[in-house]
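S.K.: Please read through the structure below; I'll follow up with questions.
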Amino acid sequence: DDPGSGNLITFSQFIFIALEGFIFTSKFGTQKPRIGLWDYGILVSMFFIANLCNNYAFNFNIPMPLHMIFRAGSLIANMIMGIVILKKKYAFSKYLSVFMISAGIVICTFVSGQDVVRIVLLTVALFVSARMGIYQEVLYAKYGKHPREALFYTHLLPLPGFLIWYQSIVEHAGFLAQSEPFAIPILGFGLPKLYIYLICNVLTQYICINSVYVLTTECSSLTVTLVVTLRKFVSLLFSIIYFKNDFTLLHWTGTLLVFVGTLIFTEIVSKIINSIRESSKNSLYS
């Protein structure tokens with residue numbers, strides 16, 4: 001309905017989560033942060049850049065399925081960052097999976113016929129998000145696990161930055177206000193349909209991002225990436241079926257390469273098999 005509304009949507013999400021955190025996490029500013037504000041500043045910069053790149057990609061009318069497939073390549077970015085920054089080494093299966101994921105993304109991108117600017121935006125967002133995940137891991141190891149606090153400050157500190165897109169936010173807020181009204185029987189009044197969509201988006205994003213931040217304190221950045229990637233796969237299927245987005249055989253081939261590569265990378269199949277074997281042995285001996 002409004003491809004350019006990305007900044008408005010992101011701003012609405014940020015201000016809602018920041019307000020909720022100000023009330024319940026910082027206790028109206030009386031609770032001091034456990035992680036340094038300078039560290040949060042670096043984290044916020046990466047978070048802000050990744051969100052804006054993704055939003056600008058939508059300004060170019062990038063298809064939602066391609067956007068999801070491309071972002072599913074975050075495992076590649078995570079791996080590269082791990083090699084460069086943390087000096088990690090990986091088995092051959094990891095490199096194979098990265099090749100499969102890369103090939104899948106290239107196929108889907110080629111079939112969708114996207115220009116260079118859109119791909120650059122998505123690539124920047126991909127690597128910045130991966131770097132942010134590793135940085136979060138480092139911060140939690142240094143200061144301890146404080147997911148609610150991190151959620152609050154990463155949404156509070158970027159708010160002044162939205163002044164740059166003030167005109168865009170106001171313009172698209174006006175566009176949403178002109179959408180057809182939708183009656184709310186229980187409350188006895190109506191709201192523009194697109195405002196209701198915006199409210200639903202903000203609430204579901206709050207549930208999602210809150211869950212992800214809790215997950216980052218319990219698992220490695222790689223495991224978090226896997227969980228989010230699988231969630232994207234469900235979103236992709238929903239996008240294709242419900243919104244009837246174009247999806248050819250080559251799209252499916254690329255998608256299959258991406259998600260099979262993801263499964264190989266995380267060794268989830270071998271872990272499940274080993275778990276079954278262990279349970280079989282235990283039941284045999286008992």
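Chain labels run A, B, ... following the order of the structure tokens; each chain numbers its residues from 1, and ligands are numbered from 1 in the order shown.
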Write out as a list in words which residues come within 9 Å of Glu267 (chain A) when counting only C-alpha atoms, dropping same-chain ones fewer than 5 positions away.

M.R.: Ser93, Lys94, Thr262 and Ile272 of chain A

S.K.: Restricting it to all heavy atoms, dump the selection as a short mmCIF file (atom, residue, chain, number, x, y, z; two decimals), in the first residue's frame.

M.R.:
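And here's result08.cif as it stands now:
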```
data_model
loop_
_atom_site.label_atom_id
_atom_site.label_comp_id
_atom_site.auth_asym_id
_atom_site.auth_seq_id
_atom_site.Cartn_x
_atom_site.Cartn_y
_atom_site.Cartn_z
N SER A 93 32.48 -28.59 5.83
CA SER A 93 31.02 -28.54 5.67
C SER A 93 30.50 -27.10 5.79
O SER A 93 29.51 -26.73 5.15
CB SER A 93 30.34 -29.43 6.72
OG SER A 93 30.65 -28.97 8.03
N LYS A 94 31.18 -26.30 6.61
CA LYS A 94 30.77 -24.90 6.78
C LYS A 94 30.97 -24.12 5.48
O LYS A 94 30.11 -23.34 5.06
CB LYS A 94 31.58 -24.23 7.90
CG LYS A 94 31.50 -24.94 9.25
CD LYS A 94 30.15 -24.81 9.89
CE LYS A 94 30.16 -25.37 11.30
NZ LYS A 94 28.85 -25.37 11.93
N THR A 262 21.82 -23.61 5.18
CA THR A 262 21.69 -23.20 6.58
C THR A 262 21.69 -24.40 7.52
O THR A 262 22.35 -24.41 8.57
CB THR A 262 20.40 -22.39 6.78
OG1 THR A 262 20.43 -21.23 5.95
CG2 THR A 262 20.24 -21.95 8.23
N ILE A 272 20.44 -33.91 15.63
CA ILE A 272 19.17 -34.62 15.87
C ILE A 272 19.40 -36.13 15.83
O ILE A 272 18.90 -36.88 16.67
CB ILE A 272 18.11 -34.20 14.83
CG1 ILE A 272 17.69 -32.74 15.07
CG2 ILE A 272 16.89 -35.11 14.90
CD1 ILE A 272 16.80 -32.17 13.98
#
```

S.K.: Need to verify the contact set: Asp246 (chain A), 10 Å, only C-alpha atoms, exclusion of same-chain residues closer than 3 positions in sequence. Can you return it as a ChimeraX atom specification?

M.R.: /A:63,65,112,239-241,243,251

S.K.: Go ahead and save the picked residues with all heavy atoms, as a compact mmCIF listing (two decimals), in the first residue's frame.

M.R.:
```txt
# COMPACT_ATOMS: atom_id res chain seq x y z
N PRO A 63 11.06 -6.86 -4.09
CA PRO A 63 10.06 -7.87 -3.71
C PRO A 63 10.33 -8.41 -2.31
O PRO A 63 11.49 -8.68 -1.96
CB PRO A 63 10.23 -8.97 -4.76
CG PRO A 63 10.92 -8.31 -5.91
CD PRO A 63 11.79 -7.26 -5.31
N PRO A 65 9.72 -11.41 -0.98
CA PRO A 65 10.39 -12.71 -0.93
C PRO A 65 11.90 -12.61 -1.13
O PRO A 65 12.67 -13.28 -0.44
CB PRO A 65 9.73 -13.48 -2.09
CG PRO A 65 8.38 -12.88 -2.22
CD PRO A 65 8.59 -11.42 -1.94
N SER A 112 15.15 -12.20 -10.05
CA SER A 112 14.31 -11.05 -9.70
C SER A 112 14.72 -9.79 -10.45
O SER A 112 13.99 -8.79 -10.44
CB SER A 112 14.36 -10.80 -8.19
OG SER A 112 13.91 -11.93 -7.49
N SER A 239 4.41 -15.22 2.68
CA SER A 239 4.41 -14.14 1.69
C SER A 239 4.02 -14.66 0.31
O SER A 239 3.27 -14.01 -0.43
CB SER A 239 5.79 -13.49 1.64
OG SER A 239 5.85 -12.50 0.63
N ILE A 240 4.52 -15.84 -0.04
CA ILE A 240 4.24 -16.41 -1.36
C ILE A 240 2.79 -16.86 -1.47
O ILE A 240 2.10 -16.58 -2.45
CB ILE A 240 5.18 -17.61 -1.63
CG1 ILE A 240 6.63 -17.15 -1.70
CG2 ILE A 240 4.80 -18.32 -2.93
CD1 ILE A 240 7.61 -18.27 -1.55
N ILE A 241 2.31 -17.55 -0.43
CA ILE A 241 0.96 -18.14 -0.49
C ILE A 241 -0.12 -17.09 -0.29
O ILE A 241 -1.06 -16.98 -1.09
CB ILE A 241 0.83 -19.25 0.58
CG1 ILE A 241 1.79 -20.40 0.26
CG2 ILE A 241 -0.61 -19.76 0.65
CD1 ILE A 241 1.97 -21.39 1.38
N PHE A 243 0.08 -13.55 -0.16
CA PHE A 243 0.13 -12.36 -1.00
C PHE A 243 0.31 -12.69 -2.48
O PHE A 243 0.38 -11.79 -3.31
CB PHE A 243 1.24 -11.42 -0.54
CG PHE A 243 0.97 -10.79 0.78
CD1 PHE A 243 1.60 -11.24 1.93
CD2 PHE A 243 0.06 -9.75 0.90
CE1 PHE A 243 1.34 -10.66 3.17
CE2 PHE A 243 -0.22 -9.17 2.13
CZ PHE A 243 0.43 -9.62 3.27
N HIS A 251 13.41 -19.50 -8.41
CA HIS A 251 13.28 -18.94 -7.06
C HIS A 251 13.29 -20.07 -6.01
O HIS A 251 13.96 -19.97 -4.98
CB HIS A 251 11.97 -18.16 -6.92
CG HIS A 251 12.04 -16.77 -7.49
ND1 HIS A 251 11.42 -16.42 -8.66
CD2 HIS A 251 12.66 -15.65 -7.05
CE1 HIS A 251 11.64 -15.15 -8.92
NE2 HIS A 251 12.39 -14.65 -7.96
```

S.K.: From the set A:Phe247, A:Tyr153, A:Tyr95, A:Phe48, which residue has the shortest atom-to-atom contact distance to Leu19 (chain A), counting only C-alpha atoms?

M.R.: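 The shortest atom-to-atom distance to Leu19 (chain A) comes from A:Tyr153.
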
S.K.: List as a ChimeraX atom specification the protein and nucleic acid residues near region 186-194 of chain A, meaning an atom at most 12 Å away when only C-alpha atoms are counted, but skip any in the same chain fewer than 5 places from it.

M.R.: /A:1-2,5,8-9,172-181,199-201

S.K.: Convert the current residue selection to file output with C-alpha atoms, as a CSV table (one decimal), in the first residue's frame.

M.R.:
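Wrote it out as result-v7.csv, contents follow:
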```
chain,number,residue,atom,x,y,z
A,1,ASP,CA,0.0,0.0,0.0
A,2,ASP,CA,2.9,2.4,0.7
A,5,SER,CA,6.7,4.0,4.7
A,8,LEU,CA,7.6,5.7,9.6
A,9,ILE,CA,7.3,2.0,10.5
A,172,HIS,CA,3.8,8.9,5.0
A,173,ALA,CA,1.9,9.4,8.3
A,174,GLY,CA,-0.5,11.7,6.3
A,175,PHE,CA,-0.8,9.1,3.6
A,176,LEU,CA,-1.7,6.4,6.1
A,177,ALA,CA,-4.3,8.7,7.6
A,178,GLN,CA,-6.1,9.0,4.2
A,179,SER,CA,-6.6,5.2,3.9
A,180,GLU,CA,-10.1,3.9,4.1
A,181,PRO,CA,-11.6,3.8,7.7
A,199,ILE,CA,-0.3,-0.7,15.3
A,200,CYS,CA,-0.3,-4.5,14.6
A,201,ASN,CA,3.2,-4.2,13.1
```

S.K.: Which of these, A:Leu139, A:Val258, A:Leu159, A:Val227, has the shortest distance to Ile105 (chain A) once you count only C-alpha atoms?

M.R.: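 So, comparing all the options, the nearest one is A:Val258.
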
S.K.: Among region 95-226 of chain A, which ones does DSSP assign to helix (DSSP H, G or I) (computed from the backbone)? Answer as a ChimeraX atom specification.

M.R.: /A:95-112,116-143,147-156,159-177,193-218,221-226
